[in-house]
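> One file is attached below, work10.pdb, containing PDB, C-alpha atoms.
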```pdb
ATOM      1  CA  MET W   2     316.230-130.268-115.542
ATOM      2  CA  THR W   3     315.840-133.150-117.937
ATOM      3  CA  SER W   4     318.648-135.516-118.722
ATOM      4  CA  VAL W   5     318.949-136.521-122.361
ATOM      5  CA  SER W   6     320.682-139.206-124.329
ATOM      6  CA  GLU W   7     323.695-137.391-125.704
ATOM      7  CA  GLY W   8     323.336-137.779-129.436
ATOM      8  CA  ARG W   9     324.236-136.241-132.733
ATOM      9  CA  PHE W  10     323.963-132.535-133.392
ATOM     10  CA  SER W  11     324.085-130.080-136.219
ATOM     11  CA  SER W  12     326.360-127.066-136.306
ATOM     12  CA  SER W  13     327.137-124.244-138.649
ATOM     13  CA  SER W  14     330.087-124.803-140.922
ATOM     14  CA  VAL W  15     331.750-121.470-141.647
ATOM     15  CA  PRO W  16     335.115-121.415-143.436
ATOM     16  CA  LEU W  17     337.847-119.409-141.755
ATOM     17  CA  ILE W  18     338.739-116.543-144.099
ATOM     18  CA  THR W  19     340.690-114.285-141.738
ATOM     19  CA  PRO W  20     343.545-114.994-139.306
ATOM     20  CA  GLY W  21     341.687-113.335-136.429
ATOM     21  CA  PRO W  22     338.884-114.564-134.154
ATOM     22  CA  LEU W  23     335.804-116.048-135.810
ATOM     23  CA  ARG W  24     332.343-115.904-134.231
ATOM     24  CA  THR W  25     329.475-118.173-135.133
ATOM     25  CA  ALA W  26     326.343-119.824-133.800
ATOM     26  CA  LEU W  27     326.195-123.589-133.322
ATOM     27  CA  ARG W  28     323.078-125.687-132.994
ATOM     28  CA  ALA W  29     323.171-128.320-130.260
ATOM     29  CA  ASP W  30     321.459-131.665-130.742
ATOM     30  CA  ASP W  31     318.288-130.454-129.003
ATOM     31  CA  GLY W  32     318.075-127.321-131.158
ATOM     32  CA  VAL W  33     319.496-124.724-128.737
ATOM     33  CA  LEU W  34     321.693-122.104-130.419
ATOM     34  CA  ILE W  35     325.132-121.695-128.842
ATOM     35  CA  GLU W  36     327.467-118.762-129.462
ATOM     36  CA  ALA W  37     331.078-119.770-130.120
ATOM     37  CA  VAL W  38     334.401-118.041-130.814
ATOM     38  CA  TYR W  39     337.430-119.466-132.626
ATOM     39  CA  ASP W  40     340.889-118.032-131.925
ATOM     40  CA  PRO W  41     343.688-119.351-134.165
ATOM     41  CA  CYS W  42     346.980-120.373-132.644
ATOM     42  CA  THR W  43     349.384-117.451-132.311
ATOM     43  CA  GLY W  44     352.423-119.708-131.891
ATOM     44  CA  GLY W  45     354.040-122.162-134.249
ATOM     45  CA  ASP W  46     353.555-125.602-132.707
ATOM     46  CA  GLY W  47     349.773-125.836-132.558
ATOM     47  CA  ALA W  48     348.855-123.853-135.627
ATOM     48  CA  GLY W  49     346.651-126.285-137.464
ATOM     49  CA  ALA W  50     344.784-123.530-139.257
ATOM     50  CA  ALA W  51     341.256-124.159-140.341
ATOM     51  CA  GLY W  52     340.965-124.827-144.026
ATOM     52  CA  GLY W  53     344.697-125.339-144.327
ATOM     53  CA  GLY W  54     346.016-128.012-142.037
ATOM     54  CA  ALA W  55     345.622-130.198-138.997
ATOM     55  CA  GLY W  56     346.599-129.576-135.393
ATOM     56  CA  THR W  57     345.408-129.324-131.825
ATOM     57  CA  ALA W  58     342.527-127.162-130.675
ATOM     58  CA  ILE W  59     341.594-126.559-127.033
ATOM     59  CA  VAL W  60     337.863-126.187-126.378
ATOM     60  CA  VAL W  61     337.217-124.152-123.215
ATOM     61  CA  ALA W  62     334.108-124.809-121.097
ATOM     62  CA  HIS W  63     333.445-121.977-118.629
ATOM     63  CA  GLY W  64     331.952-122.117-115.154
ATOM     64  CA  PHE W  65     328.403-121.341-114.038
ATOM     65  CA  THR W  66     327.467-117.660-114.687
ATOM     66  CA  GLY W  67     330.412-117.313-117.086
ATOM     67  CA  SER W  68     330.408-116.789-120.846
ATOM     68  CA  ALA W  69     332.712-116.730-123.849
ATOM     69  CA  ASP W  70     333.309-113.004-123.351
ATOM     70  CA  ARG W  71     334.024-112.933-119.624
ATOM     71  CA  PRO W  72     337.527-111.564-118.901
ATOM     72  CA  ALA W  73     338.747-114.747-117.194
ATOM     73  CA  VAL W  74     337.640-116.872-120.154
ATOM     74  CA  ARG W  75     339.259-114.499-122.633
ATOM     75  CA  ARG W  76     342.474-114.604-120.566
ATOM     76  CA  ALA W  77     342.489-118.397-120.709
ATOM     77  CA  ALA W  78     341.890-118.288-124.464
ATOM     78  CA  GLN W  79     344.745-115.835-124.937
ATOM     79  CA  VAL W  80     347.197-118.001-123.008
ATOM     80  CA  PHE W  81     346.054-121.273-124.587
ATOM     81  CA  SER W  82     346.255-119.769-128.083
ATOM     82  CA  GLN W  83     350.014-119.429-127.666
ATOM     83  CA  ARG W  84     350.148-123.230-127.892
ATOM     84  CA  ALA W  85     347.045-124.235-129.882
ATOM     85  CA  ALA W  86     343.934-122.925-131.556
ATOM     86  CA  VAL W  87     341.139-122.238-129.075
ATOM     87  CA  VAL W  88     337.351-122.509-129.193
ATOM     88  CA  THR W  89     335.382-120.760-126.466
ATOM     89  CA  PHE W  90     331.609-120.776-126.247
ATOM     90  CA  SER W  91     328.782-119.795-123.928
ATOM     91  CA  PHE W  92     326.759-122.580-122.368
ATOM     92  CA  ARG W  93     322.997-122.419-122.840
ATOM     93  CA  GLY W  94     321.407-119.745-120.688
ATOM     94  CA  HIS W  95     324.679-117.798-120.626
ATOM     95  CA  GLY W  96     325.964-114.910-122.717
ATOM     96  CA  ARG W  97     324.376-114.729-126.173
ATOM     97  CA  SER W  98     323.452-118.412-126.262
ATOM     98  CA  GLY W  99     319.827-119.462-126.245
ATOM     99  CA  GLY W 100     317.984-121.739-123.872
ATOM    100  CA  ARG W 101     318.259-122.024-120.120
ATOM    101  CA  SER W 102     321.036-123.397-117.950
ATOM    102  CA  THR W 103     320.533-126.908-116.610
ATOM    103  CA  VAL W 104     323.673-126.518-114.461
ATOM    104  CA  GLY W 105     325.640-129.350-116.050
ATOM    105  CA  ASP W 106     323.070-131.700-117.591
ATOM    106  CA  ARG W 107     322.210-130.705-121.183
ATOM    107  CA  GLU W 108     325.358-128.593-121.327
ATOM    108  CA  VAL W 109     327.193-131.679-122.563
ATOM    109  CA  LEU W 110     325.350-131.149-125.880
ATOM    110  CA  ASP W 111     326.744-127.611-126.087
ATOM    111  CA  LEU W 112     330.284-128.888-125.580
ATOM    112  CA  ALA W 113     329.781-131.612-128.189
ATOM    113  CA  ALA W 114     328.711-128.992-130.737
ATOM    114  CA  ALA W 115     331.813-126.903-129.979
ATOM    115  CA  VAL W 116     334.127-129.913-130.308
ATOM    116  CA  ALA W 117     332.581-130.885-133.641
ATOM    117  CA  TRP W 118     332.950-127.304-134.894
ATOM    118  CA  ALA W 119     336.655-127.360-134.013
ATOM    119  CA  ARG W 120     337.065-130.543-136.046
ATOM    120  CA  SER W 121     335.132-129.020-138.958
ATOM    121  CA  LEU W 122     337.707-126.214-139.014
ATOM    122  CA  GLY W 123     340.476-128.716-139.740
ATOM    123  CA  HIS W 124     341.721-129.737-136.299
ATOM    124  CA  THR W 125     342.360-133.445-135.854
ATOM    125  CA  ARG W 126     343.142-133.410-132.121
ATOM    126  CA  ILE W 127     340.822-131.802-129.565
ATOM    127  CA  VAL W 128     341.493-131.177-125.879
ATOM    128  CA  THR W 129     338.566-130.071-123.702
ATOM    129  CA  ALA W 130     339.370-127.834-120.732
ATOM    130  CA  GLY W 131     336.538-127.102-118.315
ATOM    131  CA  PHE W 132     336.263-124.991-115.184
ATOM    132  CA  SER W 133     333.879-125.679-112.248
ATOM    133  CA  MET W 134     330.537-126.541-113.896
ATOM    134  CA  GLY W 135     332.450-126.751-117.154
ATOM    135  CA  GLY W 136     334.865-129.112-115.424
ATOM    136  CA  SER W 137     332.010-131.484-114.626
ATOM    137  CA  VAL W 138     330.727-131.178-118.200
ATOM    138  CA  VAL W 139     334.076-132.110-119.790
ATOM    139  CA  LEU W 140     334.198-135.190-117.550
ATOM    140  CA  ARG W 141     330.720-136.320-118.628
ATOM    141  CA  HIS W 142     331.478-135.505-122.251
ATOM    142  CA  GLY W 143     334.719-137.502-122.095
ATOM    143  CA  ALA W 144     332.849-140.480-120.703
ATOM    144  CA  LEU W 145     329.885-140.345-123.062
ATOM    145  CA  TYR W 146     331.407-139.387-126.406
ATOM    146  CA  THR W 147     333.868-141.916-127.785
ATOM    147  CA  ALA W 148     336.231-142.033-130.717
ATOM    148  CA  PRO W 149     335.267-144.310-133.618
ATOM    149  CA  GLY W 150     336.218-147.872-132.763
ATOM    150  CA  ALA W 151     336.735-147.166-129.055
ATOM    151  CA  GLY W 152     335.712-150.123-126.945
ATOM    152  CA  ALA W 153     333.138-149.803-124.169
ATOM    153  CA  GLU W 154     331.015-152.087-122.103
ATOM    154  CA  PRO W 155     327.434-152.302-123.359
ATOM    155  CA  GLY W 156     325.268-149.626-121.779
ATOM    156  CA  GLU W 157     328.194-147.659-120.348
ATOM    157  CA  ARG W 158     328.621-145.104-123.125
ATOM    158  CA  THR W 159     326.659-143.643-125.945
ATOM    159  CA  GLU W 160     327.397-144.717-129.488
ATOM    160  CA  ALA W 161     330.679-143.509-130.978
ATOM    161  CA  HIS W 162     330.586-139.915-132.218
ATOM    162  CA  GLY W 163     333.440-139.444-134.629
ATOM    163  CA  GLU W 164     333.201-135.657-134.741
ATOM    164  CA  ALA W 165     332.369-134.900-131.114
ATOM    165  CA  HIS W 166     334.840-136.846-128.981
ATOM    166  CA  ALA W 167     337.783-135.338-127.085
ATOM    167  CA  ASP W 168     341.303-136.716-127.362
ATOM    168  CA  ALA W 169     342.296-135.440-123.905
ATOM    169  CA  VAL W 170     340.391-133.867-121.001
ATOM    170  CA  VAL W 171     341.324-131.178-118.451
ATOM    171  CA  SER W 172     338.958-130.618-115.504
ATOM    172  CA  VAL W 173     339.642-127.632-113.231
ATOM    173  CA  SER W 174     337.845-126.982-109.904
ATOM    174  CA  ALA W 175     335.141-129.528-110.643
ATOM    175  CA  PRO W 176     332.820-131.169-108.113
ATOM    176  CA  ALA W 177     333.033-134.916-107.660
ATOM    177  CA  ARG W 178     329.367-135.382-106.797
ATOM    178  CA  TRP W 179     326.050-133.649-107.378
ATOM    179  CA  TYR W 180     323.976-131.738-104.803
ATOM    180  CA  TYR W 181     327.017-130.851-102.673
ATOM    181  CA  ARG W 182     326.096-128.219-100.045
ATOM    182  CA  GLY W 183     329.059-128.494 -97.703
ATOM    183  CA  THR W 184     330.310-124.926 -98.195
ATOM    184  CA  ALA W 185     328.580-121.557 -97.918
ATOM    185  CA  PRO W 186     329.143-120.666-101.609
ATOM    186  CA  MET W 187     327.511-123.927-102.686
ATOM    187  CA  ARG W 188     324.538-123.342-100.395
ATOM    188  CA  ARG W 189     324.076-119.930-101.998
ATOM    189  CA  LEU W 190     324.352-121.468-105.462
ATOM    190  CA  HIS W 191     321.704-124.073-104.645
ATOM    191  CA  TRP W 192     319.401-121.302-103.421
ATOM    192  CA  MET W 193     319.879-119.449-106.713
ATOM    193  CA  VAL W 194     319.162-122.567-108.789
ATOM    194  CA  THR W 195     316.233-124.015-106.852
ATOM    195  CA  ARG W 196     314.241-120.970-105.682
ATOM    196  CA  PRO W 197     312.196-118.587-107.858
ATOM    197  CA  ALA W 198     313.771-115.583-106.162
ATOM    198  CA  GLY W 199     317.202-117.103-106.681
ATOM    199  CA  ARG W 200     316.581-117.604-110.382
ATOM    200  CA  LEU W 201     315.600-113.951-110.649
ATOM    201  CA  VAL W 202     318.925-113.053-109.032
ATOM    202  CA  GLY W 203     320.659-115.330-111.500
ATOM    203  CA  ARG W 204     318.898-113.742-114.471
ATOM    204  CA  TYR W 205     319.290-110.092-113.558
ATOM    205  CA  GLY W 206     322.307-110.171-111.269
ATOM    206  CA  PHE W 207     324.463-112.722-113.100
ATOM    207  CA  ARG W 208     322.887-112.667-116.584
ATOM    208  CA  THR W 209     322.239-116.397-116.347
ATOM    209  CA  ARG W 210     318.877-117.875-117.278
ATOM    210  CA  ILE W 211     318.250-121.001-115.195
ATOM    211  CA  ASP W 212     315.838-123.824-115.969
ATOM    212  CA  ARG W 213     313.297-124.277-113.175
ATOM    213  CA  LYS W 214     312.871-128.028-113.783
ATOM    214  CA  ASP W 215     314.617-130.655-111.661
ATOM    215  CA  TRP W 216     316.915-133.221-113.237
ATOM    216  CA  GLU W 217     314.944-136.267-114.347
ATOM    217  CA  PRO W 218     316.785-138.559-114.438
ATOM    218  CA  VAL W 219     319.906-137.430-112.587
ATOM    219  CA  PRO W 220     322.825-137.366-115.069
ATOM    220  CA  LEU W 221     325.999-139.377-114.742
ATOM    221  CA  SER W 222     327.992-137.913-111.841
ATOM    222  CA  PRO W 223     331.487-136.459-112.330
ATOM    223  CA  VAL W 224     333.088-139.172-110.191
ATOM    224  CA  GLU W 225     331.381-141.884-112.231
ATOM    225  CA  ALA W 226     332.432-140.179-115.447
ATOM    226  CA  ALA W 227     336.079-139.884-114.368
ATOM    227  CA  GLY W 228     336.378-143.661-114.326
ATOM    228  CA  ARG W 229     335.178-143.973-117.927
ATOM    229  CA  ILE W 230     337.419-141.501-119.765
ATOM    230  CA  ALA W 231     340.475-143.726-120.282
ATOM    231  CA  PRO W 232     342.242-144.351-122.584
ATOM    232  CA  ALA W 233     341.990-140.608-123.246
ATOM    233  CA  PRO W 234     344.424-138.679-120.988
ATOM    234  CA  LEU W 235     342.839-136.853-118.047
ATOM    235  CA  LEU W 236     344.198-133.953-115.987
ATOM    236  CA  ILE W 237     342.475-132.885-112.750
ATOM    237  CA  VAL W 238     343.427-129.449-111.358
ATOM    238  CA  HIS W 239     342.196-128.051-108.046
ATOM    239  CA  GLY W 240     343.216-125.255-105.709
ATOM    240  CA  ASP W 241     343.847-125.926-102.029
ATOM    241  CA  GLN W 242     342.021-122.660-101.215
ATOM    242  CA  ASP W 243     338.923-123.445-103.282
ATOM    243  CA  PRO W 244     335.933-121.999-101.349
ATOM    244  CA  TYR W 245     333.390-124.128-103.247
ATOM    245  CA  PHE W 246     334.779-127.678-103.234
ATOM    246  CA  PRO W 247     337.348-128.969-100.710
ATOM    247  CA  LEU W 248     340.186-131.282-101.671
ATOM    248  CA  ASP W 249     338.229-134.491-101.196
ATOM    249  CA  HIS W 250     336.520-133.700-104.523
ATOM    250  CA  PRO W 251     339.614-133.802-106.787
ATOM    251  CA  ARG W 252     340.994-136.744-104.843
ATOM    252  CA  MET W 253     337.765-138.671-105.386
ATOM    253  CA  LEU W 254     337.937-137.901-109.102
ATOM    254  CA  ALA W 255     341.559-139.046-109.326
ATOM    255  CA  ASP W 256     340.817-142.227-107.364
ATOM    256  CA  ALA W 257     337.880-142.980-109.661
ATOM    257  CA  ALA W 258     340.200-142.731-112.663
ATOM    258  CA  GLY W 259     342.177-145.638-111.207
ATOM    259  CA  GLY W 260     345.613-144.091-111.587
ATOM    260  CA  ALA W 261     344.984-143.015-115.187
ATOM    261  CA  ALA W 262     344.672-139.297-114.342
ATOM    262  CA  ASP W 263     347.239-136.644-113.489
ATOM    263  CA  LEU W 264     346.284-134.710-110.338
ATOM    264  CA  TRP W 265     347.568-131.199-109.676
ATOM    265  CA  LEU W 266     346.718-129.704-106.273
ATOM    266  CA  GLU W 267     347.649-126.036-106.594
ATOM    267  CA  PRO W 268     348.858-124.198-103.448
ATOM    268  CA  GLY W 269     347.038-120.934-102.815
ATOM    269  CA  MET W 270     344.652-121.301-105.743
ATOM    270  CA  GLY W 271     340.980-120.454-105.348
ATOM    271  CA  HIS W 272     338.171-121.478-107.684
ATOM    272  CA  ALA W 273     337.973-122.026-111.440
ATOM    273  CA  GLU W 274     338.959-119.692-114.272
ATOM    274  CA  ASN W 275     338.934-116.576-112.092
ATOM    275  CA  ALA W 276     341.699-118.083-109.955
ATOM    276  CA  ALA W 277     343.770-119.595-112.782
ATOM    277  CA  ASP W 278     346.756-117.335-113.394
ATOM    278  CA  GLU W 279     348.873-117.195-116.534
ATOM    279  CA  THR W 280     351.497-119.557-115.135
ATOM    280  CA  LEU W 281     348.950-122.281-114.397
ATOM    281  CA  LEU W 282     347.169-121.788-117.713
ATOM    282  CA  THR W 283     350.484-122.127-119.538
ATOM    283  CA  ARG W 284     351.222-125.366-117.685
ATOM    284  CA  ILE W 285     347.793-126.690-118.612
ATOM    285  CA  ALA W 286     348.377-125.776-122.264
ATOM    286  CA  ASP W 287     351.773-127.502-122.203
ATOM    287  CA  TRP W 288     350.147-130.634-120.729
ATOM    288  CA  ALA W 289     347.480-130.511-123.439
ATOM    289  CA  MET W 290     350.100-130.381-126.189
ATOM    290  CA  THR W 291     352.194-133.260-124.867
ATOM    291  CA  ARG W 292     349.545-135.885-123.997
TER     292      ARG W 292
END
```
Could you express the structure from this file as structure tokens?

Amino acid sequence: MTSVSEGRFSSSSVPLITPGPLRTALRADDGVLIEAVYDPCTGGDGAGAAGGGAGTAIVVAHGFTGSADRPAVRRAAQVFSQRAAVVTFSFRGHGRSGGRSTVGDREVLDLAAAVAWARSLGHTRIVTAGFSMGGSVVLRHGALYTAPGAGAEPGERTEAHGEAHADAVVSVSAPARWYYRGTAPMRRLHWMVTRPAGRLVGRYGFRTRIDRKDWEPVPLSPVEAAGRIAPAPLLIVHGDQDPYFPLDHPRMLADAAGGAADLWLEPGMGHAENAADETLLTRIADWAMTR
């Protein structure tokens, strides 16, 4: 898996002509086509309709083996759309998107394309909300893509990307560090990613096409990224029954943010979008609208 310098991208620009969901294909900076879905806000407060006004949009980044059309992702979109417009998309190697999954590396380009598309539809404030792998991607994206004029130490961030930056970041069930194998589910995941037989299982069992190449170089880790997101608001959400990543992961992320992040440790919650119920999703949407 090859790390890249997160740069500019091109995307389709399709005007919204109906009040219902809009589907399109976006082109990430490295040329991979990404399927994306736009759901307008169904409430009053966040309805910055494309082509007609400005408002908040929440861009949802799913977990590994997910897609824009998975039931848990659609549930999140439905709940979030009661507060804001929503963009969902399928990471490369997932759903109808092209390419192969790099399990969190080049996926930051896919998220950047989705964020820029949301802005092209008239939204002036973008909140990224990622789950599991998507949670690590929104952290890296928040660290690497900056608003115009945002200050950064030389070499710490990429150049400013006026269309692709997030104004607030929500990371749910994310790892703090790469190559974690401390739980049985993560050992199974590493087998699927690193072994030829595992990649076949991923392709035919989980409909996920996985790149066989190793990361070179290793991308910025989630815990490193968490410390570079401020001044943008950051919310870290994690279940205390998460079978993939124990509670030291969200605590490490919050500590790395230096007190600038909100940390929610959810009693009884499992992992990622499949474990996020309507009550939690509503709370996340309310946080997104008030930060």
> Between W:Ile127, W:His63, W:Gln242, W:Gly105, which has the minimum distance to Arg178 of chain W (counting all atoms listed in the file)?
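When distances to Arg178 of chain W are compared using all atoms listed in the file, the smallest one comes from W:Gly105.
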> Quick one, how far is atom CA of Ser172 of chain W from atom CA of Leu235 of chain W?
7.8 Å
> Counting all atoms listed in the file, figure out which residue out of W:Val202, W:Trp288, W:Gln79, W:Leu236 gets nearest to Leu190 of chain W.
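Looking only at the distances to Leu190 of chain W, the closest residue turns out to be W:Val202.
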> Evaluate the PyMOL selection byres ((chain W and resi 73-78) around 7) against this structure - the residues, as a list in words, please.
His63, Ala69, Asp70, Arg71, Pro72, Gln79, Val80, Phe81, Ser82, Val87, Glu274, Asn275 and Leu282 of chain W
> Ranking W:Pro218, W:Gly96, W:Gly143, W:Gly203 by minimum distance to Ala231 of chain W and counting only C-alpha atoms, which one comes first?
W:Gly143
> Specify as a PDB file with C-alpha atoms, in the frame of the given file each residue included when the PyMOL selection byres ((chain W and resi 270) around 9) is applied to this file.

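The resulting out_17.pdb:
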```
ATOM      1  CA  HIS W 239     342.196-128.051-108.046  1.00  0.00           C
ATOM      2  CA  GLY W 240     343.216-125.255-105.709  1.00  0.00           C
ATOM      3  CA  ASP W 241     343.847-125.926-102.029  1.00  0.00           C
ATOM      4  CA  GLN W 242     342.021-122.660-101.215  1.00  0.00           C
ATOM      5  CA  ASP W 243     338.923-123.445-103.282  1.00  0.00           C
ATOM      6  CA  LEU W 266     346.718-129.704-106.273  1.00  0.00           C
ATOM      7  CA  GLU W 267     347.649-126.036-106.594  1.00  0.00           C
ATOM      8  CA  PRO W 268     348.858-124.198-103.448  1.00  0.00           C
ATOM      9  CA  GLY W 269     347.038-120.934-102.815  1.00  0.00           C
ATOM     10  CA  GLY W 271     340.980-120.454-105.348  1.00  0.00           C
ATOM     11  CA  HIS W 272     338.171-121.478-107.684  1.00  0.00           C
ATOM     12  CA  ALA W 273     337.973-122.026-111.440  1.00  0.00           C
ATOM     13  CA  ALA W 276     341.699-118.083-109.955  1.00  0.00           C
ATOM     14  CA  ALA W 277     343.770-119.595-112.782  1.00  0.00           C
ATOM     15  CA  ASP W 278     346.756-117.335-113.394  1.00  0.00           C
TER      16      ASP W 278
END
```
> Please provide as a list in words all residues within 10 Å of Asp40 of chain W, with the sequence filter that same-chain residues fewer than 3 positions apart are discarded (counting all atoms listed in the file).
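The neighbour list is Pro20, Gly21, Pro22, Leu23, Arg24, Thr43, Ala50, Ala58, Ile59, Ala78, Gln79, Phe81, Ser82, Ala85, Ala86, Val87, Val88 and Thr89 of chain W.
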> To one decimal in Å, tell me the separation between atom CA of Ala261 of chain W and atom CA of Val61 of chain W.
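Interatomic distance, atom CA of Ala261 of chain W to atom CA of Val61 of chain W: 21.9 Å.
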> I'd like to know which of W:Val139, W:Ala198, W:Val38, W:Ala26 is closest to Ser98 of chain W, using all atoms listed in the file.
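Comparing W:Val139, W:Ala198, W:Val38, W:Ala26 against Ser98 of chain W, the winner is W:Ala26.
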> What gap, in Å, lies between atom CA of Pro220 of chain W and atom CA of Ser121 of chain W?
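We find that atom CA of Pro220 of chain W and atom CA of Ser121 of chain W lie 28.1 Å from each other.
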> Using the chain letters and numbers from the file, which residues does the PyMOL selection byres ((chain W and resi 291) around 12) grab, as a PyMOL selection string?
chain W and resi 46-47+57+84-85+126+128+168-169+234+236+284-290+292
> From the set W:Val138, W:Ala227, W:Ile211, W:Ala233, which residue has the shortest atom-to-atom contact distance to Met193 of chain W, counting all atoms listed in the file?
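Of W:Val138, W:Ala227, W:Ile211, W:Ala233, the one nearest Met193 of chain W, counting all atoms listed in the file, is W:Ile211.
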> Pick out the closest residue to Ala115 of chain W from this set: W:Gly136, W:Gly56, W:Ala37, W:Thr147. Count only C-alpha atoms.
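Nearest candidate to Ala115 of chain W out of W:Gly136, W:Gly56, W:Ala37, W:Thr147: W:Ala37.
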> Given 5 Å on each side, where is the centre and what are the edge lengths in Å to one decimal of the axis-aligned box enclosing the listed atoms of segment 236-244 of chain W, as JSON?

```
{"center_x": 340.1, "center_y": -128.0, "center_z": -108.6, "size_x": 18.3, "size_y": 22.0, "size_z": 24.8}
```
> What's the 7 Å shell around segment 249-259 of chain W, counting all atoms listed in the file, without same-chain residues fewer than 3 positions away, as a VMD selection string?
chain W and resid 176 to 177 224 227 to 228 237 239 246 262 264
